[in-house]
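J.: Okay, so here is protein-v2.pdb, and as you'll see once you scroll down, it has PDB, C-alpha atoms.
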ATOM      1  CA  MET C   1      79.252-243.931  15.093
ATOM      2  CA  THR C   2      79.883-244.069  18.835
ATOM      3  CA  THR C   3      83.096-245.834  19.678
ATOM      4  CA  THR C   4      83.352-244.323  23.129
ATOM      5  CA  ARG C   5      82.292-246.921  25.616
ATOM      6  CA  LEU C   6      79.608-246.032  28.097
ATOM      7  CA  GLU C   7      80.664-245.815  31.717
ATOM      8  CA  PRO C   8      78.843-246.498  34.984
ATOM      9  CA  GLY C   9      77.130-243.340  36.201
ATOM     10  CA  SER C  10      76.219-242.076  32.742
ATOM     11  CA  LEU C  11      72.626-241.859  31.570
ATOM     12  CA  ALA C  12      71.653-244.781  29.329
ATOM     13  CA  PRO C  13      70.971-243.617  25.752
ATOM     14  CA  ALA C  14      67.250-243.390  25.049
ATOM     15  CA  PHE C  15      65.662-245.634  22.439
ATOM     16  CA  THR C  16      62.453-247.044  21.038
ATOM     17  CA  LEU C  17      62.668-250.396  19.234
ATOM     18  CA  VAL C  18      60.100-252.991  18.230
ATOM     19  CA  ASP C  19      59.979-256.352  19.960
ATOM     20  CA  GLN C  20      59.395-259.821  18.532
ATOM     21  CA  ASP C  21      55.671-258.999  18.195
ATOM     22  CA  GLU C  22      56.372-255.652  16.484
ATOM     23  CA  GLN C  23      55.261-253.725  19.586
ATOM     24  CA  ALA C  24      57.236-250.573  20.418
ATOM     25  CA  VAL C  25      59.378-250.733  23.559
ATOM     26  CA  THR C  26      60.704-247.397  24.845
ATOM     27  CA  LEU C  27      63.444-247.313  27.452
ATOM     28  CA  LYS C  28      61.907-244.235  29.101
ATOM     29  CA  ASP C  29      58.748-246.268  29.849
ATOM     30  CA  LEU C  30      60.848-248.594  32.040
ATOM     31  CA  ARG C  31      62.041-245.804  34.359
ATOM     32  CA  GLY C  32      61.301-246.501  37.977
ATOM     33  CA  GLY C  33      62.444-250.095  37.587
ATOM     34  CA  ARG C  34      65.854-251.597  37.007
ATOM     35  CA  VAL C  35      66.778-252.894  33.553
ATOM     36  CA  ILE C  36      69.301-255.356  32.127
ATOM     37  CA  LEU C  37      70.004-254.819  28.417
ATOM     38  CA  PHE C  38      72.042-257.505  26.714
ATOM     39  CA  PHE C  39      73.254-257.050  23.162
ATOM     40  CA  TYR C  40      73.944-260.232  21.202
ATOM     41  CA  PRO C  41      75.032-260.889  17.598
ATOM     42  CA  ALA C  42      72.365-263.210  16.154
ATOM     43  CA  ALA C  43      69.285-265.125  17.231
ATOM     44  CA  MET C  44      69.443-268.911  17.047
ATOM     45  CA  THR C  45      73.244-269.183  16.922
ATOM     46  CA  PRO C  46      74.909-271.431  19.538
ATOM     47  CA  GLY C  47      76.508-268.745  21.754
ATOM     48  CA  CYS C  48      73.528-266.418  21.619
ATOM     49  CA  THR C  49      71.147-269.280  22.380
ATOM     50  CA  LYS C  50      73.248-270.245  25.420
ATOM     51  CA  GLU C  51      73.252-266.661  26.729
ATOM     52  CA  ALA C  52      69.525-266.128  26.031
ATOM     53  CA  CYS C  53      68.592-269.415  27.757
ATOM     54  CA  ASP C  54      70.790-268.529  30.748
ATOM     55  CA  PHE C  55      68.874-265.244  31.105
ATOM     56  CA  ARG C  56      65.595-267.197  30.766
ATOM     57  CA  ASP C  57      66.682-269.617  33.492
ATOM     58  CA  SER C  58      67.666-266.708  35.780
ATOM     59  CA  LEU C  59      64.638-264.554  35.029
ATOM     60  CA  ALA C  60      62.617-265.323  38.196
ATOM     61  CA  PRO C  61      65.318-264.178  40.667
ATOM     62  CA  LEU C  62      66.206-261.179  38.461
ATOM     63  CA  GLN C  63      62.556-260.115  38.254
ATOM     64  CA  ALA C  64      62.137-260.674  41.991
ATOM     65  CA  ALA C  65      65.023-258.215  42.485
ATOM     66  CA  GLY C  66      63.194-255.667  40.302
ATOM     67  CA  TYR C  67      64.961-256.176  36.955
ATOM     68  CA  THR C  68      63.416-256.192  33.485
ATOM     69  CA  VAL C  69      65.569-258.158  31.022
ATOM     70  CA  LEU C  70      65.686-257.172  27.335
ATOM     71  CA  GLY C  71      67.774-258.754  24.587
ATOM     72  CA  ILE C  72      68.772-256.598  21.599
ATOM     73  CA  SER C  73      70.154-257.790  18.254
ATOM     74  CA  PRO C  74      70.106-256.750  14.580
ATOM     75  CA  ASP C  75      67.597-259.534  13.808
ATOM     76  CA  GLU C  76      64.186-258.767  12.330
ATOM     77  CA  PRO C  77      61.090-259.285  14.558
ATOM     78  CA  GLU C  78      60.042-262.453  12.711
ATOM     79  CA  LYS C  79      63.349-264.168  13.504
ATOM     80  CA  LEU C  80      63.161-262.954  17.110
ATOM     81  CA  ARG C  81      59.642-264.389  17.396
ATOM     82  CA  ARG C  82      60.878-267.803  16.147
ATOM     83  CA  PHE C  83      63.880-267.652  18.547
ATOM     84  CA  ARG C  84      61.621-266.806  21.488
ATOM     85  CA  GLU C  85      59.199-269.624  20.672
ATOM     86  CA  ARG C  86      61.879-272.198  19.897
ATOM     87  CA  ASP C  87      63.739-271.655  23.165
ATOM     88  CA  GLY C  88      60.836-270.693  25.446
ATOM     89  CA  LEU C  89      62.302-267.237  26.144
ATOM     90  CA  THR C  90      60.040-265.368  28.543
ATOM     91  CA  TYR C  91      61.294-261.805  28.087
ATOM     92  CA  ASP C  92      61.229-259.429  25.126
ATOM     93  CA  LEU C  93      63.756-259.439  22.310
ATOM     94  CA  LEU C  94      64.209-256.118  20.523
ATOM     95  CA  SER C  95      65.056-255.618  16.860
ATOM     96  CA  ASP C  96      67.768-253.132  15.827
ATOM     97  CA  PRO C  97      68.509-253.970  12.156
ATOM     98  CA  GLY C  98      69.947-250.495  11.467
ATOM     99  CA  HIS C  99      72.362-250.798  14.460
ATOM    100  CA  LYS C 100      71.280-247.364  15.741
ATOM    101  CA  VAL C 101      70.895-248.458  19.367
ATOM    102  CA  LEU C 102      73.856-250.850  19.141
ATOM    103  CA  GLU C 103      75.972-247.875  18.047
ATOM    104  CA  LYS C 104      74.634-245.593  20.834
ATOM    105  CA  TYR C 105      75.784-248.197  23.370
ATOM    106  CA  ALA C 106      79.135-248.769  21.593
ATOM    107  CA  ALA C 107      78.059-252.395  21.121
ATOM    108  CA  TRP C 108      78.646-252.251  17.347
ATOM    109  CA  GLY C 109      82.185-252.131  16.054
ATOM    110  CA  GLU C 110      85.173-253.858  14.536
ATOM    111  CA  LYS C 111      85.563-257.528  15.244
ATOM    112  CA  VAL C 112      88.143-260.037  14.112
ATOM    113  CA  ASN C 113      87.280-263.642  13.359
ATOM    114  CA  TYR C 114      89.733-266.087  11.774
ATOM    115  CA  GLY C 115      91.989-263.178  10.822
ATOM    116  CA  LYS C 116      89.255-261.247   9.003
ATOM    117  CA  THR C 117      88.111-257.849  10.284
ATOM    118  CA  PHE C 118      84.443-256.931   9.982
ATOM    119  CA  MET C 119      81.775-254.802  11.648
ATOM    120  CA  GLY C 120      79.444-256.563  14.047
ATOM    121  CA  VAL C 121      77.821-256.790  17.450
ATOM    122  CA  ILE C 122      80.161-256.642  20.426
ATOM    123  CA  ARG C 123      78.442-258.901  22.962
ATOM    124  CA  SER C 124      77.711-256.488  25.832
ATOM    125  CA  THR C 125      75.436-256.112  28.839
ATOM    126  CA  PHE C 126      74.282-252.963  30.619
ATOM    127  CA  VAL C 127      72.570-252.754  33.991
ATOM    128  CA  LEU C 128      70.465-249.632  34.568
ATOM    129  CA  ASP C 129      69.096-248.239  37.806
ATOM    130  CA  GLU C 130      65.591-246.830  38.380
ATOM    131  CA  LYS C 131      66.647-243.418  37.044
ATOM    132  CA  GLY C 132      68.050-244.826  33.788
ATOM    133  CA  ARG C 133      71.692-244.527  34.825
ATOM    134  CA  ILE C 134      74.181-247.237  33.956
ATOM    135  CA  THR C 135      75.416-249.099  37.029
ATOM    136  CA  HIS C 136      77.392-251.750  35.097
ATOM    137  CA  ALA C 137      78.725-251.649  31.514
ATOM    138  CA  LEU C 138      80.182-255.010  30.487
ATOM    139  CA  TYR C 139      81.782-255.231  27.033
ATOM    140  CA  ASN C 140      83.176-258.196  25.098
ATOM    141  CA  VAL C 141      81.507-260.700  27.379
ATOM    142  CA  ARG C 142      81.496-264.437  26.787
ATOM    143  CA  ALA C 143      78.156-266.123  26.254
ATOM    144  CA  THR C 144      78.955-268.989  28.614
ATOM    145  CA  GLY C 145      78.949-268.084  32.294
ATOM    146  CA  HIS C 146      78.039-264.460  31.654
ATOM    147  CA  VAL C 147      74.619-264.504  33.323
ATOM    148  CA  ALA C 148      76.115-266.071  36.459
ATOM    149  CA  ARG C 149      78.657-263.219  36.502
ATOM    150  CA  VAL C 150      75.883-260.623  36.157
ATOM    151  CA  ARG C 151      73.917-262.243  38.985
ATOM    152  CA  ALA C 152      77.017-262.266  41.193
ATOM    153  CA  LEU C 153      77.643-258.563  40.445
ATOM    154  CA  LEU C 154      74.047-257.754  41.377
ATOM    155  CA  GLY C 155      73.929-260.078  44.376
ATOM    156  CA  VAL C 156      70.913-261.898  42.896
TER     157      VAL C 156
END
Using structure tokens, write down the structure from this file.

T.:
Amino acid sequence: MTTTRLEPGSLAPAFTLVDQDEQAVTLKDLRGGRVILFFYPAAMTPGCTKEACDFRDSLAPLQAAGYTVLGISPDEPEKLRRFRERDGLTYDLLSDPGHKVLEKYAAWGEKVNYGKTFMGVIRSTFVLDEKGRITHALYNVRATGHVARVRALLGV
């Protein structure tokens, strides 16, 4: 398992995952455009809903600046489809139930909640340039206010 955090300048790990409609999405196919990947713990939970809706509400200016937004969680496609419909999310949500991509991005690891240690998703966001290189690697982000921070970093 990768515990080494990814750094700006490094090539984003390649992946193919299925989206909420069980269609394959391959990172390589997005080359030539900029990409924002945000990793979140679980669809339809309060913090993840807040973050996902903030990305939805900021999608037009992000897309206008050339960014594709993708959310990635361990949820199955069916749950992602319900989440997308329930909250009117207008970008793709990718399913990583085996944590393979989460691990490649060091977004899966030990967490502590109420004194108990467990393995889970480390809420993280990665911004990739047109060549697939990481320009920003943000780990342990807070759901609230995070999208505004990303927009400020990108000047969008």

J.: In Å, how far is it from CA of Glu76 (chain C) to CA of Tyr40 (chain C)?

T.: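 Rounded to one decimal, the two atoms are 13.3 Å apart.
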
J.: Applying 8 Å and all atoms listed in the file, which residues near Lys28 (chain C) remain after dropping the ones on its own chain fewer than 2 positions away? List them as a PyMOL selection string.

T.: chain C and resi 14-15+26+30-31+132

J.: For Asp75 (chain C), which residue out of C:Ala24, C:Val35, C:Val18, C:Cys53 is the nearest one, using all atoms listed in the file?

T.: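 When distances to Asp75 (chain C) are compared using all atoms listed in the file, the smallest one comes from C:Val18.
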
J.: Which residues match the PyMOL selection byres ((chain C and resi 122) around 8) in the file above, as an MDAnalysis selection string?

T.: chainID C and resid 39:41 107:109 111 120:121 123:124 139:140

J.: Check the smallest atom-to-atom distance from each of C:Gly66, C:Asp129, C:Ala106, C:Thr135 to Thr4 (chain C) using only C-alpha atoms, then report the winner.

T.: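 Going through C:Gly66, C:Asp129, C:Ala106, C:Thr135 one by one, the smallest distance to Thr4 (chain C) is for C:Ala106.
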
J.: Rank nothing, just name the residue among C:Asp29, C:Glu130, C:Asp96, C:Glu51 nearest to Leu80 (chain C), using all atoms listed in the file.

T.: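 Smallest distance to Leu80 (chain C) is found for C:Asp96.
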
J.: Taking only C-alpha atoms into account, name the residue in C:Arg81, C:Arg34, C:Arg5, C:Lys104 that is nearest to Gln20 (chain C).

T.: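 Under the stated criterion, the closest residue is C:Arg81.
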
J.: I need every residue sitting at most 8 Å from the point (76.4, -259.8, 30.1) (coordinates as in the file, all atoms listed in the file considered), written as a ChimeraX atom specification.

T.: /C:38,123-126,138-139,141-143,146-147,149-150

J.: Could you save the residues just selected, with C-alpha atoms, as a PDB file, in the frame of the given file?

T.:
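Saved result, again.pdb, follows:
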ATOM      1  CA  PHE C  38      72.042-257.505  26.714  1.00  0.00           C
ATOM      2  CA  ARG C 123      78.442-258.901  22.962  1.00  0.00           C
ATOM      3  CA  SER C 124      77.711-256.488  25.832  1.00  0.00           C
ATOM      4  CA  THR C 125      75.436-256.112  28.839  1.00  0.00           C
ATOM      5  CA  PHE C 126      74.282-252.963  30.619  1.00  0.00           C
ATOM      6  CA  LEU C 138      80.182-255.010  30.487  1.00  0.00           C
ATOM      7  CA  TYR C 139      81.782-255.231  27.033  1.00  0.00           C
ATOM      8  CA  VAL C 141      81.507-260.700  27.379  1.00  0.00           C
ATOM      9  CA  ARG C 142      81.496-264.437  26.787  1.00  0.00           C
ATOM     10  CA  ALA C 143      78.156-266.123  26.254  1.00  0.00           C
ATOM     11  CA  HIS C 146      78.039-264.460  31.654  1.00  0.00           C
ATOM     12  CA  VAL C 147      74.619-264.504  33.323  1.00  0.00           C
ATOM     13  CA  ARG C 149      78.657-263.219  36.502  1.00  0.00           C
ATOM     14  CA  VAL C 150      75.883-260.623  36.157  1.00  0.00           C
TER      15      VAL C 150
END

J.: Find the residue from C:Ala52, C:Val69, C:Gly115, C:Leu102 that sits nearest to Asp87 (chain C); use only C-alpha atoms when measuring.

T.: C:Ala52

J.: With distances taken over all atoms listed in the file, which residue among C:Tyr91, C:Phe55, C:Tyr105, C:Tyr114 lies nearest Leu70 (chain C)?

T.: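 Closest candidate: C:Tyr91.
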
J.: Using Å and a single decimal, report how far CA of His136 (chain C) sits from CA of Gly88 (chain C).

T.: 26.9 Å

J.: Could the centre and edge lengths of an axis-aligned box, enclosing all atoms of region 126-142 of chain C in the file with 3 Å extra on each side, be given in Å to one decimal as JSON?

T.:
{"center_x": 74.4, "center_y": -253.9, "center_z": 31.7, "size_x": 23.6, "size_y": 27.0, "size_z": 19.3}

J.: Please identify all polymer residues within 10 Å of Ile134 (chain C), counting all atoms listed in the file, omitting same-chain residues fewer than 3 positions from it, and present them as a PyMOL selection string.

T.: chain C and resi 6-13+34-36+126-131+137
